[in-house]
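The file structure.cif comes next; it holds mmCIF, C-alpha atoms.
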data_query
loop_
_atom_site.label_atom_id
_atom_site.label_comp_id
_atom_site.auth_asym_id
_atom_site.auth_seq_id
_atom_site.Cartn_x
_atom_site.Cartn_y
_atom_site.Cartn_z
CA MET A 1 1.11 -21.33 4.25
CA ARG A 2 0.40 -23.52 7.29
CA THR A 3 3.82 -23.01 8.91
CA ALA A 4 4.24 -21.05 12.13
CA ALA A 5 6.68 -18.68 10.40
CA PHE A 6 4.15 -17.66 7.75
CA ARG A 7 1.41 -17.16 10.33
CA LEU A 8 3.63 -15.09 12.61
CA MET A 9 4.64 -12.98 9.63
CA LEU A 10 0.94 -12.27 9.02
CA VAL A 11 0.45 -11.23 12.67
CA VAL A 12 3.42 -8.85 12.51
CA THR A 13 2.05 -7.45 9.25
CA VAL A 14 -1.37 -6.78 10.83
CA LEU A 15 0.23 -4.84 13.70
CA GLY A 16 2.55 -2.82 11.47
CA PHE A 17 0.00 -1.91 8.83
CA GLY A 18 -2.55 -1.24 11.57
CA GLY A 19 -0.41 1.60 12.88
CA HIS A 20 0.07 2.87 9.34
CA ALA A 21 -3.61 2.71 8.37
CA LEU A 22 -4.80 4.43 11.53
CA LEU A 23 -2.86 7.61 10.76
CA LEU A 24 -3.18 7.72 6.97
CA PRO A 25 -6.51 9.63 6.81
CA VAL A 26 -6.04 11.36 10.19
CA LEU A 27 -2.83 13.32 9.55
CA PRO A 28 -4.37 15.40 6.72
CA LEU A 29 -7.14 16.41 9.14
CA TRP A 30 -4.57 17.18 11.86
CA VAL A 31 -2.52 19.59 9.74
CA SER A 32 -5.66 21.07 8.15
CA ARG A 33 -6.89 22.07 11.60
CA GLY A 34 -3.43 23.50 12.24
CA GLY A 35 -3.86 25.88 9.30
CA ALA A 36 -2.46 23.97 6.31
CA GLY A 37 -4.46 23.89 3.08
CA GLU A 38 -5.31 20.96 0.84
CA PHE A 39 -1.82 20.84 -0.63
CA GLY A 40 -0.26 20.81 2.84
CA ALA A 41 -2.64 18.05 3.91
CA GLY A 42 -1.70 15.94 0.93
CA THR A 43 2.00 16.56 1.55
CA THR A 44 1.85 14.55 4.79
CA THR A 45 1.20 11.39 2.81
CA GLY A 46 3.54 12.52 0.05
CA VAL A 47 6.52 12.92 2.39
CA LEU A 48 5.75 9.62 4.12
CA MET A 49 5.76 7.81 0.79
CA ALA A 50 8.81 9.67 -0.57
CA THR A 51 10.99 8.48 2.31
CA THR A 52 9.38 5.06 2.06
CA VAL A 53 10.39 4.72 -1.58
CA ALA A 54 13.91 6.01 -0.94
CA THR A 55 14.33 3.42 1.82
CA GLN A 56 12.92 0.58 -0.26
CA LEU A 57 15.76 0.90 -2.75
CA ALA A 58 18.23 -0.20 -0.07
CA VAL A 59 16.17 -2.94 1.59
CA PRO A 60 17.15 -5.91 -0.64
CA ALA A 61 20.81 -5.43 0.26
CA LEU A 62 19.92 -4.98 3.94
CA LEU A 63 17.95 -8.22 3.89
CA ARG A 64 20.99 -10.10 2.60
CA ARG A 65 23.30 -8.52 5.15
CA LEU A 66 21.10 -8.43 8.28
CA GLY A 67 18.29 -10.92 7.67
CA TYR A 68 14.54 -10.56 7.87
CA ARG A 69 14.14 -10.30 11.64
CA VAL A 70 16.48 -7.34 12.10
CA VAL A 71 15.03 -5.41 9.15
CA LEU A 72 11.43 -6.06 10.20
CA CYS A 73 12.10 -5.07 13.83
CA ALA A 74 13.85 -1.84 12.84
CA GLY A 75 11.05 -0.95 10.46
CA LEU A 76 8.33 -1.48 13.05
CA VAL A 77 10.16 0.58 15.68
CA LEU A 78 10.71 3.50 13.30
CA LEU A 79 7.08 3.31 12.17
CA GLY A 80 5.57 3.28 15.66
CA ALA A 81 7.85 5.18 18.03
CA PRO A 82 7.53 8.67 16.41
CA ALA A 83 3.70 8.67 16.29
CA PRO A 84 3.05 9.99 19.84
CA PHE A 85 5.29 13.00 19.16
CA LEU A 86 2.59 14.31 16.82
CA LEU A 87 0.74 15.42 19.97
CA LEU A 88 3.31 18.19 20.44
CA THR A 89 2.29 20.26 17.42
CA ALA A 90 0.06 20.46 14.34
CA GLU A 91 2.50 22.72 12.49
CA LEU A 92 3.27 21.33 9.06
CA GLY A 93 7.08 21.30 9.36
CA PRO A 94 7.42 19.13 12.49
CA VAL A 95 4.63 16.84 11.31
CA LEU A 96 6.45 16.27 8.02
CA LEU A 97 9.61 15.37 9.95
CA VAL A 98 7.67 12.69 11.85
CA CYS A 99 6.22 11.48 8.55
CA ALA A 100 9.71 11.18 7.08
CA ILE A 101 10.96 9.02 9.99
CA ARG A 102 7.88 6.83 9.84
CA GLY A 103 8.38 6.48 6.09
CA ILE A 104 11.81 4.93 6.65
CA GLY A 105 10.24 2.35 8.94
CA PHE A 106 7.40 1.69 6.54
CA GLY A 107 9.87 1.13 3.70
CA LEU A 108 11.71 -1.52 5.72
CA LEU A 109 8.45 -3.22 6.73
CA THR A 110 6.84 -3.35 3.29
CA VAL A 111 9.74 -4.82 1.33
CA ALA A 112 10.70 -7.38 3.97
CA GLY A 113 7.09 -8.46 4.47
CA SER A 114 6.15 -9.04 0.84
CA ALA A 115 9.51 -10.74 0.12
CA LEU A 116 8.73 -13.19 2.93
CA VAL A 117 5.56 -14.17 1.07
CA ALA A 118 7.72 -15.61 -1.69
CA GLU A 119 10.43 -16.97 0.63
CA LEU A 120 8.12 -18.95 2.90
CA VAL A 121 5.86 -20.67 0.31
CA PRO A 122 6.54 -22.46 -3.01
CA PRO A 123 5.88 -20.63 -6.31
CA ALA A 124 2.72 -22.65 -7.01
CA GLU A 125 1.13 -21.00 -3.95
CA HIS A 126 2.33 -17.43 -4.51
CA GLY A 127 -1.08 -16.19 -5.63
CA ARG A 128 -2.93 -17.54 -2.60
CA ALA A 129 -0.11 -16.57 -0.22
CA SER A 130 -0.21 -13.05 -1.64
CA ALA A 131 -3.95 -13.04 -1.03
CA ARG A 132 -3.45 -13.93 2.64
CA TYR A 133 -0.78 -11.29 2.93
CA GLY A 134 -3.31 -8.94 1.35
CA TYR A 135 -5.78 -9.86 4.09
CA ALA A 136 -3.15 -9.02 6.72
CA ILE A 137 -2.72 -5.61 5.09
CA GLY A 138 -6.33 -5.02 4.09
CA ILE A 139 -8.21 -6.02 7.24
CA PRO A 140 -6.45 -3.37 9.38
CA GLN A 141 -7.28 -0.84 6.67
CA LEU A 142 -10.84 -2.12 6.54
CA ILE A 143 -11.27 -1.42 10.24
CA LEU A 144 -8.86 1.41 10.95
CA LEU A 145 -9.19 3.72 7.94
CA PRO A 146 -12.77 4.63 8.91
CA LEU A 147 -12.20 4.06 12.64
CA GLY A 148 -9.33 6.54 12.73
CA VAL A 149 -11.57 9.38 11.54
CA ALA A 150 -14.43 8.28 13.82
CA THR A 151 -12.09 8.02 16.82
CA VAL A 152 -10.94 11.58 16.26
CA ASP A 153 -14.56 12.74 16.40
CA LEU A 154 -15.23 10.77 19.60
CA LEU A 155 -11.97 10.82 21.58
CA GLY A 156 -9.76 13.37 19.87
CA PHE A 157 -6.35 13.02 18.24
CA PRO A 158 -4.31 11.84 21.28
CA GLY A 159 -5.88 8.39 21.43
CA VAL A 160 -5.31 7.86 17.70
CA PHE A 161 -1.65 8.89 17.87
CA LEU A 162 -0.93 6.69 20.88
CA ALA A 163 -2.62 3.63 19.34
CA ALA A 164 -0.74 4.16 16.07
CA GLY A 165 2.51 4.04 18.01
CA ILE A 166 1.75 1.04 20.21
CA ALA A 167 0.61 -1.41 17.50
CA PRO A 168 3.87 -1.47 15.47
CA LEU A 169 5.93 -1.69 18.66
CA LEU A 170 4.00 -4.82 19.63
CA GLY A 171 4.88 -6.24 16.22
CA ALA A 172 8.54 -5.41 16.81
CA ALA A 173 8.42 -7.37 20.07
CA ALA A 174 7.27 -10.47 18.15
CA THR A 175 9.95 -10.40 15.42
CA PRO A 176 12.66 -12.22 17.45
CA PHE A 177 10.45 -15.32 17.30
CA LEU A 178 10.18 -15.23 13.49
CA ARG A 179 12.07 -18.12 11.90
CA ALA A 180 13.19 -17.12 8.42
CA ALA A 181 16.34 -17.89 6.46
CA ARG A 182 18.34 -15.14 4.83
CA PRO A 183 17.62 -14.53 1.13
CA LEU A 184 19.45 -16.69 -1.38
CA PRO A 185 22.68 -15.27 -2.83
CA ALA A 186 22.20 -13.41 -6.08
CA ARG A 187 24.53 -12.72 -8.93
CA PRO A 188 26.15 -9.24 -9.00
CA ARG A 189 23.60 -6.44 -8.85
CA GLY A 190 20.87 -9.03 -8.40
CA ASP A 191 19.34 -7.00 -5.58
CA ASP A 192 19.04 -3.82 -7.62
CA PRO A 193 15.37 -2.92 -8.28
CA ALA A 194 16.43 -0.99 -11.39
CA GLU A 195 17.92 -4.17 -12.85
CA LEU A 196 14.73 -6.02 -12.02
CA GLY A 197 12.72 -3.27 -13.73
CA ALA A 198 14.67 -3.88 -16.94
CA ALA A 199 14.04 -7.61 -16.60
CA VAL A 200 10.32 -6.99 -16.17
CA VAL A 201 10.23 -4.96 -19.37
CA ARG A 202 12.04 -7.73 -21.26
CA GLY A 203 9.91 -10.46 -19.72
CA TRP A 204 6.71 -8.59 -20.48
CA CYS A 205 7.42 -8.67 -24.21
CA GLY A 206 8.41 -5.01 -24.37
CA GLY A 207 5.49 -3.83 -22.24
CA THR A 208 5.36 -2.39 -18.74
CA GLY A 209 2.10 -3.94 -17.58
CA PRO A 210 2.57 -4.84 -13.90
CA MET A 211 4.40 -1.68 -12.85
CA VAL A 212 2.23 0.72 -14.88
CA ALA A 213 -0.96 -0.82 -13.49
CA MET A 214 0.42 -0.67 -9.94
CA LEU A 215 1.53 2.96 -10.25
CA ALA A 216 -1.72 4.21 -11.79
CA CYS A 217 -4.03 2.38 -9.39
CA SER A 218 -2.02 3.32 -6.30
CA LEU A 219 -2.02 6.97 -7.41
CA ALA A 220 -5.80 6.93 -7.70
CA GLN A 221 -6.41 5.17 -4.40
CA GLY A 222 -3.78 7.21 -2.53
CA GLY A 223 -5.42 10.46 -3.55
CA LEU A 224 -8.88 9.12 -2.82
CA VAL A 225 -8.04 7.93 0.72
CA THR A 226 -6.27 11.20 1.50
CA PHE A 227 -9.09 13.49 0.40
CA LEU A 228 -12.27 11.53 1.08
CA PRO A 229 -12.56 12.98 4.61
CA LEU A 230 -12.30 16.48 3.10
CA ALA A 231 -14.52 15.87 0.06
CA ALA A 232 -17.38 14.17 1.92
CA PRO A 233 -20.25 16.28 3.31
CA ALA A 234 -19.60 17.53 6.82
CA ALA A 235 -21.49 16.17 9.84
CA THR A 236 -22.31 12.88 8.08
CA ALA A 237 -21.05 9.31 8.23
CA VAL A 238 -20.20 9.29 4.52
CA ALA A 239 -16.42 9.64 4.95
CA PRO A 240 -15.95 6.68 7.35
CA VAL A 241 -18.30 4.48 5.31
CA ALA A 242 -16.56 5.37 2.04
CA LEU A 243 -13.12 4.65 3.53
CA PHE A 244 -14.47 1.34 4.80
CA ALA A 245 -15.70 0.59 1.26
CA VAL A 246 -12.24 1.29 -0.23
CA ALA A 247 -10.59 -1.10 2.21
CA LEU A 248 -13.33 -3.74 1.81
CA GLY A 249 -12.98 -3.65 -1.97
CA GLY A 250 -9.23 -4.13 -1.66
CA VAL A 251 -9.58 -7.15 0.64
CA VAL A 252 -12.24 -8.80 -1.54
CA GLY A 253 -10.44 -8.05 -4.81
CA ARG A 254 -7.10 -9.33 -3.64
CA GLY A 255 -8.66 -12.43 -2.11
CA LEU A 256 -10.54 -13.32 -5.30
CA ALA A 257 -7.42 -12.73 -7.37
CA GLY A 258 -5.30 -15.19 -5.37
CA GLY A 259 -6.85 -18.41 -6.64
CA LEU A 260 -7.33 -17.03 -10.16
CA VAL A 261 -3.66 -16.09 -10.49
CA ASP A 262 -2.49 -19.52 -9.28
CA ARG A 263 -4.82 -21.32 -11.69
CA ARG A 264 -4.56 -19.13 -14.80
CA GLY A 265 -1.11 -17.59 -14.43
CA PRO A 266 -0.08 -13.98 -13.76
CA GLY A 267 -0.92 -11.00 -15.94
CA ARG A 268 -4.58 -11.67 -16.77
CA LEU A 269 -6.21 -9.45 -14.14
CA LEU A 270 -4.28 -6.23 -14.73
CA LEU A 271 -6.59 -4.88 -17.44
CA PRO A 272 -9.94 -5.62 -15.72
CA GLY A 273 -8.59 -4.40 -12.39
CA THR A 274 -7.42 -1.08 -13.83
CA LEU A 275 -10.69 -0.62 -15.72
CA LEU A 276 -12.73 -1.22 -12.56
CA ALA A 277 -10.64 1.33 -10.66
CA ALA A 278 -11.19 3.88 -13.46
CA ALA A 279 -14.95 3.35 -13.26
CA GLY A 280 -14.79 3.88 -9.50
CA MET A 281 -12.95 7.19 -9.85
CA GLY A 282 -15.54 8.26 -12.40
CA LEU A 283 -18.24 7.69 -9.79
CA GLU A 284 -16.26 9.80 -7.33
CA VAL A 285 -16.37 12.67 -9.83
CA LEU A 286 -20.16 12.41 -9.99
CA ALA A 287 -20.42 12.18 -6.20
CA VAL A 288 -18.69 15.49 -5.42
CA GLY A 289 -21.48 17.99 -4.94
CA GLY A 290 -24.02 15.32 -5.87
CA ALA A 291 -25.26 12.09 -4.32
CA PRO A 292 -22.99 11.27 -1.34
CA TRP A 293 -23.69 7.52 -1.57
CA LEU A 294 -21.76 7.46 -4.86
CA LEU A 295 -18.62 8.15 -2.81
CA VAL A 296 -19.18 4.77 -1.16
CA VAL A 297 -19.88 2.86 -4.39
CA GLY A 298 -16.95 4.48 -6.17
CA GLY A 299 -14.63 3.73 -3.27
CA LEU A 300 -15.67 0.06 -3.33
CA ALA A 301 -14.91 -0.16 -7.06
CA VAL A 302 -11.53 1.55 -6.73
CA GLY A 303 -10.52 -0.76 -3.89
CA ALA A 304 -11.63 -3.93 -5.69
CA GLY A 305 -9.88 -3.01 -8.93
CA PHE A 306 -6.68 -2.17 -7.09
CA GLY A 307 -6.96 -5.46 -5.18
CA PHE A 308 -6.88 -7.38 -8.48
CA VAL A 309 -3.87 -5.38 -9.63
CA GLN A 310 -1.95 -5.75 -6.35
CA ASN A 311 -2.07 -9.53 -6.33
CA ASP A 312 -1.47 -10.05 -10.03
CA SER A 313 1.40 -7.57 -10.33
CA LEU A 314 3.23 -8.97 -7.27
CA VAL A 315 3.08 -12.56 -8.53
CA SER A 316 4.15 -11.36 -12.01
CA LEU A 317 7.26 -9.73 -10.53
CA PHE A 318 8.12 -12.83 -8.47
CA ALA A 319 7.84 -14.94 -11.63
CA VAL A 320 10.20 -12.64 -13.54
CA ALA A 321 12.69 -12.30 -10.68
CA GLY A 322 13.15 -15.90 -9.57
CA PRO A 323 14.09 -17.08 -6.05
CA ALA A 324 17.46 -15.29 -5.94
CA ARG A 325 15.82 -11.87 -6.40
CA TYR A 326 12.61 -12.00 -4.40
CA GLY A 327 13.87 -9.04 -2.36
CA ALA A 328 14.35 -6.97 -5.52
CA ALA A 329 10.91 -8.01 -6.78
CA SER A 330 9.38 -6.95 -3.47
CA ALA A 331 11.23 -3.63 -3.59
CA ALA A 332 10.09 -2.90 -7.16
CA TRP A 333 6.47 -3.74 -6.33
CA ASN A 334 6.43 -1.69 -3.14
CA ILE A 335 8.11 1.25 -4.85
CA GLY A 336 5.34 1.24 -7.42
CA PHE A 337 2.71 0.99 -4.71
CA ASP A 338 4.11 3.69 -2.42
CA ALA A 339 5.38 6.08 -5.08
CA GLY A 340 1.92 6.06 -6.59
CA THR A 341 0.30 6.65 -3.21
CA GLY A 342 2.56 9.60 -2.47
CA ALA A 343 2.13 11.07 -5.94
CA GLY A 344 -1.62 10.65 -5.69
CA SER A 345 -1.90 12.50 -2.39
CA SER A 346 0.45 15.34 -3.35
CA GLY A 347 -0.52 15.56 -7.02
CA LEU A 348 -4.27 15.42 -6.52
CA GLY A 349 -3.89 17.91 -3.67
CA ALA A 350 -2.17 20.31 -6.06
CA ILE A 351 -5.14 19.97 -8.43
CA ALA A 352 -7.79 20.10 -5.71
CA GLU A 353 -6.62 23.31 -4.06
CA PRO A 354 -7.23 25.56 -7.09
CA PHE A 355 -9.80 23.51 -9.04
CA GLY A 356 -11.68 21.39 -6.49
CA PHE A 357 -12.01 17.70 -5.72
CA ARG A 358 -14.07 16.93 -8.82
CA ALA A 359 -11.16 17.97 -11.05
CA ALA A 360 -8.69 15.99 -8.94
CA PHE A 361 -10.71 12.76 -9.04
CA GLY A 362 -11.39 13.26 -12.75
CA ALA A 363 -7.68 13.55 -13.48
CA ALA A 364 -7.08 10.22 -11.73
CA ALA A 365 -9.86 8.57 -13.74
CA LEU A 366 -8.40 9.83 -17.02
CA LEU A 367 -4.94 8.54 -16.07
CA LEU A 368 -6.33 5.06 -15.40
CA LEU A 369 -8.08 5.03 -18.76
CA ALA A 370 -4.92 6.22 -20.52
CA VAL A 371 -2.80 3.32 -19.22
CA LEU A 372 -5.31 0.58 -20.09
CA PRO A 373 -3.54 -0.38 -23.36
CA LEU A 374 -0.29 -0.95 -21.44
CA THR A 375 -1.93 -3.35 -18.98
CA ARG A 376 -3.11 -5.77 -21.63
CA ARG A 377 -1.32 -9.11 -21.39
CA PRO A 378 0.49 -9.69 -24.70
CA ARG A 379 0.54 -13.01 -26.49
CA THR A 380 3.68 -15.07 -25.88
#

Show me, as structure tokens, the structure contained in the file I just sent.
Amino acid sequence: MRTAAFRLMLVVTVLGFGGHALLLPVLPLWVSRGGAGEFGAGTTTGVLMATTVATQLAVPALLRRLGYRVVLCAGLVLLGAPAPFLLLTAELGPVLLVCAIRGIGFGLLTVAGSALVAELVPPAEHGRASARYGYAIGIPQLILLPLGVATVDLLGFPGVFLAAGIAPLLGAAATPFLRAARPLPARPRGDDPAELGAAVVRGWCGGTGPMVAMLACSLAQGGLVTFLPLAAPAATAVAPVALFAVALGGVVGRGLAGGLVDRRGPGRLLLPGTLLAAAGMGLEVLAVGGAPWLLVVGGLAVGAGFGFVQNDSLVSLFAVAGPARYGAASAAWNIGFDAGTGAGSSGLGAIAEPFGFRAAFGAAALLLLAVLPLTRRPRT
């Protein structure tokens, strides 16, 4: 974790995820002001994550063929370069096209970045290295999720779109200096995330703990981040503060989990993390139409619970995969993360438009409670 390669990887991650986090809560507002409803607003994140997931399936093979630097650079360029074109229109169709292109870049960035966590440090440090990688992802979200909405109010959308394009391009300029070996050779189909998924099921004693926890928690947080600016009372600071609380909870939760996972082994934080996220979504239900400060407390709980689950599930997948399939482990983990985020934004939007945000947040809370038995670490 003290090598220049690991530190540069963290810098590149900050720049890439900074551009992503800045636009995540802003695009729903942009298309809403262009005439789209709640479902259309949620679709912006849904399309971004759909193309992200589709791309992630191919990234392990690309890493073996092209190496980390090429894949990271391409991902950062595709993530950043289309953002300024959003200034041309707020119509839903063109915006979704930009989201799709950015999703390809985000898919390349996410899989290559988290695989480098395992490549650059020994297995005994995977928990703490994942925590530092979580800081590189979470700190931009901590600052930029609320700042993006606040910047729109102060400076308008153009400044946000330009900044979201410049940051990933700066990261792309740094990738040629990243020293990283190509992934180890794998046996046939060793880079297939579907094969890894089967191995996870077998290694988890017939359960599906890491992936189920990741999917459920990312669904809840994805929907929450997408619709907090719309659910919060107008003309107040509640939305930026609540988004800040979500990101802060994620940073703190993932940081605390790092040392615990290295000391106690993977799989022990999935149940408490999922339960904490469920409690947070329950508070969001009470907050809609009630006390606005509960949006902040609930967001903090959702972020912290998901932080536990992110770290623990990633290290669990690395342990099952082994060094020859770190790319596949990264792909499986990121697919769970991003598929859940996209499903949360689109699915909760479909519930919110006819039934309101209370029903949408309540559905997410019930889902988290329903998967709790599957996140329990079985005896081995």

Write out as a VMD selection string the residues lying within 12 Å of Val246 of chain A, counting only C-alpha atoms and excluding same-chain residues fewer than 5 positions away.
chain A and resid 138 to 139 141 to 146 220 to 226 228 239 to 241 251 to 253 277 280 to 281 284 295 to 307

Would you write out, as a ChimeraX atom specification, every residue that the PyMOL selection byres ((chain A and resi 261) around 12) captures in this file?
/A:123-131,253-260,262-270,308-316,319

Write a file of the just-selected residues containing C-alpha atoms, as a short mmCIF file (atom, residue, chain, number, x, y, z; two decimals), in the frame of the given file.
data_model
loop_
_atom_site.label_atom_id
_atom_site.label_comp_id
_atom_site.auth_asym_id
_atom_site.auth_seq_id
_atom_site.Cartn_x
_atom_site.Cartn_y
_atom_site.Cartn_z
CA PRO A 123 5.88 -20.63 -6.31
CA ALA A 124 2.72 -22.65 -7.01
CA GLU A 125 1.13 -21.00 -3.95
CA HIS A 126 2.33 -17.43 -4.51
CA GLY A 127 -1.08 -16.19 -5.63
CA ARG A 128 -2.93 -17.54 -2.60
CA ALA A 129 -0.11 -16.57 -0.22
CA SER A 130 -0.21 -13.05 -1.64
CA ALA A 131 -3.95 -13.04 -1.03
CA GLY A 253 -10.44 -8.05 -4.81
CA ARG A 254 -7.10 -9.33 -3.64
CA GLY A 255 -8.66 -12.43 -2.11
CA LEU A 256 -10.54 -13.32 -5.30
CA ALA A 257 -7.42 -12.73 -7.37
CA GLY A 258 -5.30 -15.19 -5.37
CA GLY A 259 -6.85 -18.41 -6.64
CA LEU A 260 -7.33 -17.03 -10.16
CA ASP A 262 -2.49 -19.52 -9.28
CA ARG A 263 -4.82 -21.32 -11.69
CA ARG A 264 -4.56 -19.13 -14.80
CA GLY A 265 -1.11 -17.59 -14.43
CA PRO A 266 -0.08 -13.98 -13.76
CA GLY A 267 -0.92 -11.00 -15.94
CA ARG A 268 -4.58 -11.67 -16.77
CA LEU A 269 -6.21 -9.45 -14.14
CA LEU A 270 -4.28 -6.23 -14.73
CA PHE A 308 -6.88 -7.38 -8.48
CA VAL A 309 -3.87 -5.38 -9.63
CA GLN A 310 -1.95 -5.75 -6.35
CA ASN A 311 -2.07 -9.53 -6.33
CA ASP A 312 -1.47 -10.05 -10.03
CA SER A 313 1.40 -7.57 -10.33
CA LEU A 314 3.23 -8.97 -7.27
CA VAL A 315 3.08 -12.56 -8.53
CA SER A 316 4.15 -11.36 -12.01
CA ALA A 319 7.84 -14.94 -11.63
#

Using only C-alpha atoms, pick whichever of A:Gly67, A:Gly273, A:Gly103, A:Gly282 has the shortest atom-to-atom distance to Leu366 of chain A.
A:Gly282

What do you get, as a list in words, if you spell out every residue that the PyMOL selection byres ((chain A and resi 170) around 12) selects here?
Val11, Val12, Thr13, Val14, Leu15, Gly16, Phe17, Gly18, Gly19, Cys73, Leu76, Val77, Leu79, Gly80, Ala81, Ala163, Ala164, Gly165, Ile166, Ala167, Pro168, Leu169, Gly171, Ala172, Ala173, Ala174, Thr175 and Pro176 of chain A

So which residues get picked by the PyMOL selection byres ((chain A and resi 83-91) around 6) here, written as an mmCIF file with C-alpha atoms, in the coordinates of the input?
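Listed below is the output, selection.cif:
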data_model
loop_
_atom_site.group_PDB
_atom_site.id
_atom_site.type_symbol
_atom_site.label_atom_id
_atom_site.label_comp_id
_atom_site.auth_asym_id
_atom_site.auth_seq_id
_atom_site.Cartn_x
_atom_site.Cartn_y
_atom_site.Cartn_z
ATOM 1 C CA VAL A 31 -2.520 19.590 9.740
ATOM 2 C CA GLY A 34 -3.430 23.500 12.240
ATOM 3 C CA GLY A 80 5.570 3.280 15.660
ATOM 4 C CA ALA A 81 7.850 5.180 18.030
ATOM 5 C CA PRO A 82 7.530 8.670 16.410
ATOM 6 C CA LEU A 92 3.270 21.330 9.060
ATOM 7 C CA GLY A 93 7.080 21.300 9.360
ATOM 8 C CA PHE A 161 -1.650 8.890 17.870
ATOM 9 C CA LEU A 162 -0.930 6.690 20.880
ATOM 10 C CA GLY A 165 2.510 4.040 18.010
#

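Among the candidates A:Pro292, A:Gly322, A:Gly250, A:Gly42, the residue lying nearest to Ala115 of chain A is A:Gly322 (atoms considered: only C-alpha atoms).
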
Between atom CA of Gly40 of chain A and atom CA of Asp153 of chain A lies a distance of 21.3 Å

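Of the residues under consideration (A:Ala352, A:Leu372, A:Val26, A:Met9), A:Val26 shows the shortest atom-to-atom contact distance to Phe157 of chain A when counting all atoms listed in the file.
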
For a test of reading the model, state the distance in Å between atom CA of Leu248 of chain A and atom CA of Pro140 of chain A, rounded to one decimal.
10.2 Å

For a quick check of your reading of the model, name the residues lying within 9 Å of the coordinate (-1.0, 1.4, -11.2), counting all atoms listed in the file, and write them as a PyMOL selection string.
chain A and resi 209-220+274+306+309-310+336-337+340+368+371

Exercise: segment 116-122 of chain A partners within 9 Å, all atoms listed in the file, chain neighbours under 5 positions left out, as a PyMOL selection string:
chain A and resi 1+3+5-6+9+68+111+129-130+133+180-181+183+315+318+323+326-327+330

Neighbour list for Arg102 of chain A as a PDB file with C-alpha atoms, keeping the file's coordinate frame, cut-off 7 Å, all atoms listed in the file, skip fewer than 3 positions in-chain:
ATOM      1  CA  LEU A  48       5.750   9.620   4.120  1.00  0.00           C
ATOM      2  CA  LEU A  78      10.710   3.500  13.300  1.00  0.00           C
ATOM      3  CA  LEU A  79       7.080   3.310  12.170  1.00  0.00           C
ATOM      4  CA  PRO A  82       7.530   8.670  16.410  1.00  0.00           C
ATOM      5  CA  VAL A  98       7.670  12.690  11.850  1.00  0.00           C
ATOM      6  CA  CYS A  99       6.220  11.480   8.550  1.00  0.00           C
ATOM      7  CA  GLY A 105      10.240   2.350   8.940  1.00  0.00           C
ATOM      8  CA  PHE A 106       7.400   1.690   6.540  1.00  0.00           C
TER       9      PHE A 106
END

Can you work out the spacing between atom CA of Thr45 of chain A and atom CA of Ala291 of chain A in Å, to one decimal?
27.4 Å

Give me the residues within 6 Å of Gly107 of chain A as number ranges by chain, counting only C-alpha atoms and dropping any in the same chain fewer than 3 places off.
A: 52, 55-56, 104, 110

Go through A:Ala328, A:Val95, A:Ala112, A:Val47 one by one, measure the shortest atom-to-atom distance of each to Leu66 of chain A using only C-alpha atoms, and give the residue with the smallest value.
A:Ala112

Mind completing segment 262-269 of chain A with N, CA, C and O atoms? Output as a PDB file, in the coordinates of the input, please?
ATOM      1  N   ASP A 262      -3.143 -18.213  -9.371  1.00  0.00           N
ATOM      2  CA  ASP A 262      -2.490 -19.520  -9.280  1.00  0.00           C
ATOM      3  C   ASP A 262      -2.987 -20.472 -10.363  1.00  0.00           C
ATOM      4  O   ASP A 262      -2.219 -21.280 -10.895  1.00  0.00           O
ATOM      5  N   ARG A 263      -4.266 -20.396 -10.701  1.00  0.00           N
ATOM      6  CA  ARG A 263      -4.820 -21.320 -11.690  1.00  0.00           C
ATOM      7  C   ARG A 263      -4.539 -20.893 -13.128  1.00  0.00           C
ATOM      8  O   ARG A 263      -4.244 -21.736 -13.985  1.00  0.00           O
ATOM      9  N   ARG A 264      -4.622 -19.600 -13.414  1.00  0.00           N
ATOM     10  CA  ARG A 264      -4.560 -19.130 -14.800  1.00  0.00           C
ATOM     11  C   ARG A 264      -3.239 -18.473 -15.161  1.00  0.00           C
ATOM     12  O   ARG A 264      -2.996 -18.160 -16.319  1.00  0.00           O
ATOM     13  N   GLY A 265      -2.383 -18.240 -14.160  1.00  0.00           N
ATOM     14  CA  GLY A 265      -1.110 -17.590 -14.430  1.00  0.00           C
ATOM     15  C   GLY A 265      -1.215 -16.083 -14.267  1.00  0.00           C
ATOM     16  O   GLY A 265      -2.299 -15.495 -14.364  1.00  0.00           O
ATOM     17  N   PRO A 266      -0.070 -15.427 -14.006  1.00  0.00           N
ATOM     18  CA  PRO A 266      -0.080 -13.980 -13.760  1.00  0.00           C
ATOM     19  C   PRO A 266      -0.307 -13.168 -15.029  1.00  0.00           C
ATOM     20  O   PRO A 266      -0.045 -13.621 -16.140  1.00  0.00           O
ATOM     21  N   GLY A 267      -0.797 -11.961 -14.850  1.00  0.00           N
ATOM     22  CA  GLY A 267      -0.920 -11.000 -15.940  1.00  0.00           C
ATOM     23  C   GLY A 267      -2.309 -10.855 -16.516  1.00  0.00           C
ATOM     24  O   GLY A 267      -2.545  -9.923 -17.290  1.00  0.00           O
ATOM     25  N   ARG A 268      -3.256 -11.687 -16.130  1.00  0.00           N
ATOM     26  CA  ARG A 268      -4.580 -11.670 -16.770  1.00  0.00           C
ATOM     27  C   ARG A 268      -5.582 -10.751 -16.071  1.00  0.00           C
ATOM     28  O   ARG A 268      -6.657 -10.493 -16.625  1.00  0.00           O
ATOM     29  N   LEU A 269      -5.259 -10.279 -14.874  1.00  0.00           N
ATOM     30  CA  LEU A 269      -6.210  -9.450 -14.140  1.00  0.00           C
ATOM     31  C   LEU A 269      -5.818  -7.972 -14.122  1.00  0.00           C
ATOM     32  O   LEU A 269      -6.534  -7.159 -13.535  1.00  0.00           O
TER      33      LEU A 269
END
